[in-house]
>>> print(open('input-v2.txt').read())   # compact mmCIF, C-alpha atoms
# COMPACT_ATOMS: atom_id res chain seq x y z
CA MET A 22 130.98 85.91 94.98
CA LYS A 23 130.15 84.62 91.49
CA THR A 24 128.45 87.33 89.44
CA GLU A 25 129.28 86.46 85.84
CA LEU A 26 126.39 85.83 83.45
CA LYS A 27 126.03 82.15 82.54
CA PHE A 28 123.90 80.58 79.80
CA ILE A 29 121.85 77.44 79.20
CA HIS A 30 120.67 76.87 75.62
CA PHE A 31 117.64 74.79 74.67
CA THR A 32 114.66 74.69 72.32
CA TYR A 33 111.29 75.48 73.84
CA LYS A 34 107.80 75.15 72.35
CA THR A 35 105.44 77.73 73.83
CA ILE A 36 101.95 76.86 75.04
CA SER A 37 100.72 78.74 71.95
CA GLY A 38 102.70 76.31 69.77
CA LYS A 39 105.64 78.50 68.69
CA GLU A 40 109.19 77.12 68.80
CA TYR A 41 112.04 79.24 70.17
CA HIS A 42 115.73 78.74 70.77
CA ILE A 43 116.11 80.01 74.34
CA PRO A 44 119.45 81.28 75.65
CA LEU A 45 118.44 81.22 79.33
CA SER A 46 120.89 83.38 81.26
CA TYR A 47 121.43 83.38 85.01
CA GLN A 48 123.74 84.50 87.80
CA LEU A 49 124.86 82.74 90.96
CA PHE A 50 125.75 84.44 94.23
CA GLY A 51 127.17 83.10 97.46
CA LYS A 52 128.17 79.50 98.06
CA ASP A 53 129.09 77.11 95.25
CA LEU A 54 126.17 75.25 93.72
CA PHE A 55 125.22 72.13 95.75
CA SER A 56 127.37 73.17 98.73
CA ALA A 57 124.54 75.04 100.51
CA PRO A 58 120.73 75.48 100.45
CA ILE A 59 119.64 77.07 97.15
CA ILE A 60 117.37 80.11 97.00
CA LEU A 61 115.82 81.08 93.67
CA ILE A 62 115.04 84.78 93.25
CA ASN A 63 112.59 85.74 90.49
CA HIS A 64 113.07 89.33 89.35
CA ALA A 65 110.37 91.97 88.80
CA LEU A 66 109.29 93.81 85.63
CA THR A 67 112.37 95.96 84.96
CA GLY A 68 114.69 93.80 87.07
CA ASN A 69 117.29 91.26 86.04
CA SER A 70 119.53 88.52 87.39
CA ASN A 71 121.88 90.98 89.10
CA VAL A 72 120.28 90.84 92.56
CA SER A 73 123.36 91.28 94.77
CA GLY A 74 126.69 93.08 94.86
CA GLU A 75 127.53 96.71 94.15
CA LYS A 76 124.86 97.21 91.46
CA GLY A 77 122.45 94.56 92.73
CA TRP A 78 118.84 95.78 92.72
CA TRP A 79 118.09 93.87 95.97
CA LYS A 80 121.50 94.35 97.63
CA GLN A 81 119.88 95.72 100.82
CA LEU A 82 118.25 92.31 101.30
CA LEU A 83 120.76 89.95 99.76
CA GLY A 84 124.54 89.73 100.19
CA GLU A 85 127.29 88.93 102.68
CA ASN A 86 125.88 89.18 106.22
CA GLU A 87 122.56 90.49 104.88
CA VAL A 88 119.22 88.83 105.71
CA ILE A 89 119.62 86.48 102.73
CA ASP A 90 123.23 85.78 103.61
CA THR A 91 125.46 84.73 100.71
CA ASN A 92 127.81 83.18 103.30
CA LYS A 93 125.04 80.65 104.04
CA TYR A 94 123.12 80.20 100.81
CA THR A 95 123.56 79.72 97.07
CA VAL A 96 121.38 82.32 95.37
CA LEU A 97 120.27 81.74 91.78
CA CYS A 98 118.48 84.23 89.57
CA PHE A 99 117.38 83.64 85.97
CA ASN A 100 116.71 86.44 83.51
CA ILE A 101 113.22 86.30 82.05
CA PRO A 102 114.05 85.55 78.39
CA GLY A 103 113.51 88.75 76.45
CA ASN A 104 114.24 91.17 79.31
CA GLY A 105 117.28 92.25 77.29
CA TYR A 106 119.84 92.05 80.10
CA ASP A 107 121.66 89.34 78.12
CA ASP A 108 120.96 91.04 74.73
CA PHE A 109 118.27 88.48 73.84
CA PHE A 110 114.97 90.02 72.68
CA ILE A 111 111.61 88.55 71.68
CA ASP A 112 109.76 90.15 68.76
CA GLU A 113 106.40 88.42 69.22
CA PHE A 114 105.86 89.00 72.93
CA SER A 115 102.30 87.63 72.78
CA ASP A 116 103.74 84.13 72.12
CA PHE A 117 104.66 83.91 75.81
CA THR A 118 102.70 83.76 79.06
CA PRO A 119 103.91 83.63 82.69
CA SER A 120 103.17 79.90 82.50
CA ASP A 121 105.72 79.63 79.65
CA ILE A 122 108.32 81.51 81.71
CA ALA A 123 107.67 79.13 84.61
CA ASN A 124 108.22 76.16 82.25
CA ILE A 125 111.47 77.74 81.00
CA PHE A 126 112.76 78.34 84.55
CA LEU A 127 111.86 74.76 85.53
CA LYS A 128 113.71 73.48 82.45
CA GLY A 129 116.70 75.59 83.50
CA LEU A 130 116.67 74.00 86.97
CA GLU A 131 116.42 70.55 85.40
CA ILE A 132 119.42 71.17 83.13
CA LEU A 133 121.40 72.48 86.12
CA ASN A 134 120.40 69.25 87.92
CA ILE A 135 118.66 71.18 90.71
CA LYS A 136 115.85 68.94 91.93
CA ASN A 137 114.83 70.92 95.01
CA LEU A 138 115.17 74.46 96.28
CA TYR A 139 115.26 75.74 99.83
CA ALA A 140 113.17 78.76 98.82
CA VAL A 141 111.57 80.57 95.91
CA ILE A 142 111.30 84.32 96.48
CA GLY A 143 109.76 86.68 93.96
CA GLY A 144 108.61 90.28 93.95
CA SER A 145 105.73 91.54 91.79
CA LEU A 146 105.88 89.79 88.37
CA GLY A 147 108.65 87.52 89.72
CA GLY A 148 106.33 86.31 92.46
CA GLY A 149 103.61 85.65 89.90
CA ILE A 150 106.03 83.42 87.97
CA GLY A 151 106.86 81.74 91.28
CA TRP A 152 103.18 80.84 91.77
CA GLU A 153 103.13 79.35 88.25
CA MET A 154 106.29 77.31 88.94
CA LEU A 155 105.06 75.84 92.22
CA VAL A 156 101.68 74.84 90.82
CA LYS A 157 103.52 72.93 88.06
CA LYS A 158 105.96 71.35 90.52
CA PRO A 159 104.33 71.41 93.99
CA ASP A 160 107.33 69.86 95.80
CA LEU A 161 109.92 72.19 94.23
CA ALA A 162 110.73 74.23 97.36
CA GLU A 163 110.52 74.12 101.13
CA LEU A 164 109.59 77.81 101.27
CA PHE A 165 107.71 80.14 98.97
CA ILE A 166 107.74 83.90 99.59
CA PRO A 167 105.68 85.87 97.03
CA ILE A 168 106.11 89.60 97.73
CA ALA A 169 103.70 92.31 96.51
CA CYS A 170 102.00 89.93 94.09
CA ASP A 171 99.09 87.55 93.72
CA SER A 172 98.53 84.27 91.92
CA LYS A 173 96.50 86.02 89.23
CA THR A 174 96.14 89.35 87.45
CA HIS A 175 92.91 90.87 88.75
CA ASP A 176 90.77 93.32 86.78
CA TRP A 177 92.33 96.51 88.17
CA LEU A 178 95.88 95.45 87.34
CA HIS A 179 94.78 94.15 83.94
CA ALA A 180 93.26 97.57 83.21
CA GLN A 181 96.50 99.37 84.15
CA CYS A 182 98.49 96.98 81.94
CA LEU A 183 96.02 97.67 79.12
CA ILE A 184 96.78 101.41 79.40
CA GLN A 185 100.49 100.52 79.40
CA GLN A 186 99.93 98.49 76.22
CA PHE A 187 98.18 101.43 74.52
CA LEU A 188 101.05 103.77 75.47
CA LEU A 189 103.73 101.27 74.39
CA ASN A 190 102.05 100.89 70.99
CA GLY A 191 102.24 104.65 70.38
CA ASN A 192 104.77 106.38 68.15
CA ASP A 193 105.87 109.34 70.27
CA GLU A 194 108.21 108.37 73.16
CA PRO A 195 106.16 105.25 74.01
CA LEU A 196 108.49 103.82 76.64
CA GLN A 197 108.86 107.12 78.50
CA LYS A 198 105.11 107.69 78.59
CA ALA A 199 104.38 104.15 79.74
CA ARG A 200 106.94 104.48 82.51
CA ILE A 201 105.44 107.75 83.74
CA HIS A 202 102.02 106.10 83.98
CA ALA A 203 103.55 103.04 85.66
CA MET A 204 105.27 105.18 88.32
CA LEU A 205 101.84 106.48 89.35
CA CYS A 206 100.69 102.87 89.78
CA TYR A 207 103.82 101.87 91.72
CA ARG A 208 103.41 104.76 94.18
CA THR A 209 100.38 106.40 95.85
CA PRO A 210 98.87 109.91 95.95
CA GLN A 211 100.10 110.27 99.55
CA SER A 212 103.64 109.25 98.56
CA LEU A 213 103.91 111.86 95.80
CA ASN A 214 102.07 114.61 97.65
CA GLU A 215 104.19 114.20 100.80
CA ARG A 216 107.44 114.05 98.84
CA PHE A 217 106.91 117.03 96.51
CA GLN A 218 104.32 119.22 98.29
CA THR A 219 103.50 121.07 95.04
CA HIS A 220 106.99 122.63 94.92
CA PHE A 221 107.66 124.47 91.68
CA ASN A 222 111.10 124.42 90.07
CA GLU A 223 111.66 127.99 88.89
CA GLU A 224 114.71 127.08 86.82
CA LYS A 225 112.92 124.34 84.86
CA GLN A 226 109.53 126.08 85.01
CA LYS A 227 107.68 122.93 86.09
CA LEU A 228 106.52 121.12 89.20
CA GLU A 229 109.22 119.02 90.85
CA SER A 230 106.89 116.03 90.68
CA GLU A 231 106.59 116.47 86.90
CA ASP A 232 110.37 116.76 86.59
CA TRP A 233 110.77 113.55 88.66
CA LEU A 234 108.33 111.62 86.45
CA ILE A 235 110.01 112.82 83.24
CA TYR A 236 113.39 111.82 84.69
CA HIS A 237 112.11 108.28 85.41
CA GLY A 238 110.64 108.00 81.91
CA LYS A 239 113.91 109.03 80.23
CA SER A 240 116.04 106.96 82.61
CA LEU A 241 114.20 103.74 81.80
CA ALA A 242 114.30 104.46 78.07
CA GLU A 243 118.10 104.69 78.29
CA ARG A 244 118.55 101.30 79.98
CA PHE A 245 115.57 99.22 78.84
CA SER A 246 114.21 98.38 75.41
CA LEU A 247 110.66 98.85 74.11
CA LYS A 248 110.47 95.16 73.12
CA SER A 249 111.42 94.10 76.65
CA TYR A 250 108.88 96.42 78.27
CA GLN A 251 106.13 95.16 75.94
CA LEU A 252 106.93 91.56 76.87
CA MET A 253 107.07 92.24 80.62
CA ASN A 254 103.82 94.21 80.57
CA HIS A 255 102.17 91.38 78.61
CA LEU A 256 103.37 88.84 81.21
CA LEU A 257 102.13 90.99 84.10
CA MET A 258 98.77 91.19 82.35
CA ASN A 259 98.40 87.41 82.15
CA ILE A 260 99.24 85.79 85.51
CA ASN A 261 96.50 83.21 85.79
CA VAL A 262 97.03 80.32 88.20
CA ASN A 263 93.97 78.13 88.72
CA ASP A 264 92.73 78.63 92.30
CA LYS A 265 92.01 74.89 92.55
CA ASP A 266 95.72 74.12 92.05
CA LEU A 267 97.07 76.41 94.79
CA GLY A 268 96.35 73.93 97.57
CA LYS A 269 98.65 71.35 95.90
CA ILE A 270 101.73 73.47 96.68
CA LYS A 271 103.73 71.71 99.39
CA ALA A 272 106.01 74.61 100.31
CA ARG A 273 105.47 76.61 103.48
CA MET A 274 104.06 79.85 102.11
CA HIS A 275 104.61 83.36 103.40
CA MET A 276 102.59 85.92 101.44
CA VAL A 277 103.84 89.50 101.81
CA SER A 278 101.67 92.45 100.79
CA VAL A 279 101.91 96.24 101.04
CA ASP A 280 98.92 97.89 102.73
CA THR A 281 98.77 100.74 100.14
CA ASP A 282 99.63 98.73 97.01
CA LEU A 283 97.58 99.93 94.02
CA PHE A 284 98.96 97.23 91.69
CA PHE A 285 98.43 94.08 93.74
CA PRO A 286 96.07 95.31 96.49
CA ALA A 287 96.64 93.88 99.96
CA SER A 288 92.90 93.00 100.13
CA GLU A 289 93.28 90.63 97.14
CA ILE A 290 96.42 88.99 98.56
CA ARG A 291 94.68 88.61 101.93
CA MET A 292 91.71 86.99 100.18
CA CYS A 293 94.04 84.49 98.50
CA PHE A 294 95.67 83.79 101.87
CA GLU A 295 92.29 83.22 103.57
CA LYS A 296 91.23 80.73 100.87
CA LEU A 297 94.52 78.85 101.15
CA ASN A 298 94.46 78.94 104.94
CA LYS A 299 91.35 76.75 104.86
CA GLU A 300 93.26 74.06 102.96
CA LYS A 301 96.77 74.41 104.36
CA GLU A 302 98.15 74.92 107.86
CA ASP A 303 101.55 76.24 106.81
CA VAL A 304 100.50 79.41 105.00
CA PHE A 305 101.14 82.82 106.55
CA TYR A 306 100.36 86.46 105.78
CA HIS A 307 102.58 89.51 106.37
CA GLU A 308 101.91 93.16 105.57
CA ILE A 309 104.36 96.01 104.98
CA LYS A 310 102.97 99.34 106.19
CA SER A 311 103.99 102.19 103.90
CA ILE A 312 102.70 105.29 102.14
CA HIS A 313 104.72 104.30 99.05
CA GLY A 314 102.44 101.63 97.56
CA HIS A 315 103.72 98.78 95.37
CA ASP A 316 107.32 100.05 95.32
CA ALA A 317 107.53 99.66 99.11
CA PHE A 318 108.98 96.16 98.56
CA LEU A 319 112.01 97.96 97.07
CA MET A 320 112.02 100.78 99.63
CA GLU A 321 110.91 99.62 103.09
CA TYR A 322 113.94 97.46 103.79
CA GLU A 323 113.71 97.61 107.56
CA GLN A 324 110.25 96.02 107.46
CA LEU A 325 111.00 93.60 104.62
CA ASN A 326 114.26 92.46 106.19
CA TYR A 327 112.51 91.86 109.51
CA ILE A 328 109.81 89.75 107.81
CA ILE A 329 112.28 87.71 105.71
CA LYS A 330 114.68 87.23 108.64
CA ASN A 331 111.90 85.72 110.76
CA ILE A 332 110.85 83.42 107.92
CA LEU A 333 114.35 82.14 107.15
>>> encode(input="input-v2.txt", output="structure tokens")
Amino acid sequence: MKTELKFIHFTYKTISGKEYHIPLSYQLFGKDLFSAPIILINHALTGNSNVSGEKGWWKQLLGENEVIDTNKYTVLCFNIPGNGYDDFFIDEFSDFTPSDIANIFLKGLEILNIKNLYAVIGGSLGGGIGWEMLVKKPDLAELFIPIACDSKTHDWLHAQCLIQQFLLNGNDEPLQKARIHAMLCYRTPQSLNERFQTHFNEEKQKLESEDWLIYHGKSLAERFSLKSYQLMNHLLMNINVNDKDLGKIKARMHMVSVDTDLFFPASEIRMCFEKLNKEKEDVFYHEIKSIHGHDAFLMEYEQLNYIIKNIL
């Protein structure tokens, strides 16, 4: 399995008119390029190109003899430029939009001489970038599987990202505080209440739920940079595909929501599906049932694997 980080270098002019030298990094898993159907995975907010293998963040879904079987497919994953996984950072995060990232990923595919993909699969922000890519190149893939995401940032999500922005602009432990707030958006009241049941840690003199949130805040601060988080939050805040363009997408679409998602509510994803279903026959809707909210797409593997297996 090929897991080394590879690079493509090119100059890119953003939609806002700024010019950047982009070192677009990526990883390949499974079969050699052009020897098998290619699946592009778009990573989520704090994710990266390392989707499979021992430290792969989606290894329960993707690997040898897994649902996305690396014995059958070539799996490609780009790093969103500025996520820091390849030590490249962007100072002026507001120069970029998800539409820019879609352009950059499409340019990467072009340089790699990949004209068509078997599937584009993206979770959360990665799915939003997938929508942007397919609107720009409607015949790019046979299959499109956006998971726990919509084709636009609705008001509720925009408001949560705005709070994240305020926290990230602060001086006192900004990344930790933003992550603590984000964890409450990724999960649900039921998820936290059922897990911790108001247990008090006598040794630490705090609620176990508080200790868990502080741990997640510190943990992210140790492995992720403030610049990267600001960029990713800004991108999440600005997914904005024109509804009129969605019907142009030629891929068979399978939209996957989580019934308790507070970030990308299932009701909004279902609404998008119902609109598209009037224009296209090959669009389908699936729903993960979970108390865990948005993060269920990284937790409820039995359900997700069943859905993806049936699609592939």
>>> residues_around(input="input-v2.txt", residues="Cys293 in chain A", least_positions_apart="5", cutoff="9 Å", atoms="all atoms listed in the file", output="ChimeraX atom specification")
/A:171-172,264,288,298
>>> closest_residue(input="input-v2.txt", among="A:Thr209, A:Ser70, A:Ser56, A:Asn104", to="Asp282 in chain A", atoms="only C-alpha atoms")
A:Thr209
>>> residues_around(input="input-v2.txt", residues="Tyr236 in chain A", least_positions_apart="5", cutoff="12 Å", atoms="all atoms listed in the file", output="PyMOL selection string")
chain A and resi 197-198+200-201+204+229-231+241-243
>>> closest_residue(input="input-v2.txt", among="A:Ser120, A:Asn254, A:Thr219, A:Asn134", to="Gln181 in chain A", atoms="only C-alpha atoms")
A:Asn254
>>> residues_around(input="input-v2.txt", residues="Ile184 in chain A", least_positions_apart="5", cutoff="9 Å", atoms="all atoms listed in the file", output="VMD selection string")
chain A and resid 179 189 199 202
>>> write_last_selection(input="input-v2.txt", atoms="C-alpha atoms", output="mmCIF file, keeping the file's coordinate frame")
data_model
loop_
_atom_site.group_PDB
_atom_site.id
_atom_site.type_symbol
_atom_site.label_atom_id
_atom_site.label_comp_id
_atom_site.auth_asym_id
_atom_site.auth_seq_id
_atom_site.Cartn_x
_atom_site.Cartn_y
_atom_site.Cartn_z
ATOM 1 C CA HIS A 179 94.780 94.150 83.940
ATOM 2 C CA LEU A 189 103.730 101.270 74.390
ATOM 3 C CA ALA A 199 104.380 104.150 79.740
ATOM 4 C CA HIS A 202 102.020 106.100 83.980
#
>>> residues_around(input="input-v2.txt", residues="Leu183 in chain A", least_positions_apart="2", cutoff="12 Å", atoms="only C-alpha atoms", output="ChimeraX atom specification")
/A:174,176-181,185-190,199,202-203,251,254-259
>>> residues_around(input="input-v2.txt", residues="Lys158 in chain A", least_positions_apart="3", cutoff="12 Å", atoms="all atoms listed in the file", output="JSON, numbers by chain")
{"A": [123, 124, 126, 127, 128, 130, 131, 136, 137, 138, 151, 152, 153, 154, 155, 161, 162, 163, 266, 267, 269, 270, 271, 272]}
>>> residues_near_point(input="input-v2.txt", point="(121.2, 99.2, 103.3)", cutoff="9 Å", atoms="only C-alpha atoms", output="list in words")
Lys80, Gln81, Leu82, Glu87, Tyr322 and Glu323 of chain A
>>> atom_distance(input="input-v2.txt", atom1="CA of Lys39 in chain A", atom2="CA of Phe109 in chain A")
16.9 Å
>>> atom_distance(input="input-v2.txt", atom1="CA of Tyr207 in chain A", atom2="CA of His175 in chain A")
15.8 Å
>>> atom_distance(input="input-v2.txt", atom1="CA of Met292 in chain A", atom2="CA of Met276 in chain A")
11.0 Å
>>> closest_atom_pairs(input="input-v2.txt", of="range 233-296 of chain A", to="range 307-315 of chain A", cutoff="12 Å", atoms="all atoms listed in the file", output="Markdown table")
| residue | atom | partner | partner_atom | distance |
| --- | --- | --- | --- | --- |
| A:Met274 | CA | A:His307 | CA | 10.7 |
| A:His275 | CA | A:His307 | CA | 7.1 |
| A:Met276 | CA | A:His307 | CA | 6.1 |
| A:Val277 | CA | A:His307 | CA | 4.7 |
| A:Ser278 | CA | A:Glu308 | CA | 4.8 |
| A:Val279 | CA | A:Ile309 | CA | 4.6 |
| A:Asp280 | CA | A:Lys310 | CA | 5.5 |
| A:Thr281 | CA | A:Gly314 | CA | 4.6 |
| A:Asp282 | CA | A:Gly314 | CA | 4.1 |
| A:Leu283 | CA | A:Gly314 | CA | 6.2 |
| A:Phe284 | CA | A:His315 | CA | 6.2 |
| A:Phe285 | CA | A:His315 | CA | 7.3 |
| A:Pro286 | CA | A:His315 | CA | 8.5 |
| A:Ala287 | CA | A:Glu308 | CA | 7.7 |
| A:Ser288 | CA | A:Glu308 | CA | 10.5 |
| A:Ile290 | CA | A:Glu308 | CA | 9.8 |
| A:Arg291 | CA | A:His307 | CA | 9.1 |
| A:Phe294 | CA | A:His307 | CA | 10.0 |
>>> closest_residue(input="input-v2.txt", among="A:Cys98, A:Leu196, A:Leu83, A:Cys170", to="Phe28 in chain A", atoms="only C-alpha atoms")
A:Cys98
>>> axis_aligned_box(input="input-v2.txt", around="range 202-211 of chain A", padding_each_side="8 Å", output="lines of an AutoDock Vina configuration file")
center_x = 102.1
center_y = 106.1
center_z = 91.8
size_x = 22.4
size_y = 24.4
size_z = 31.6
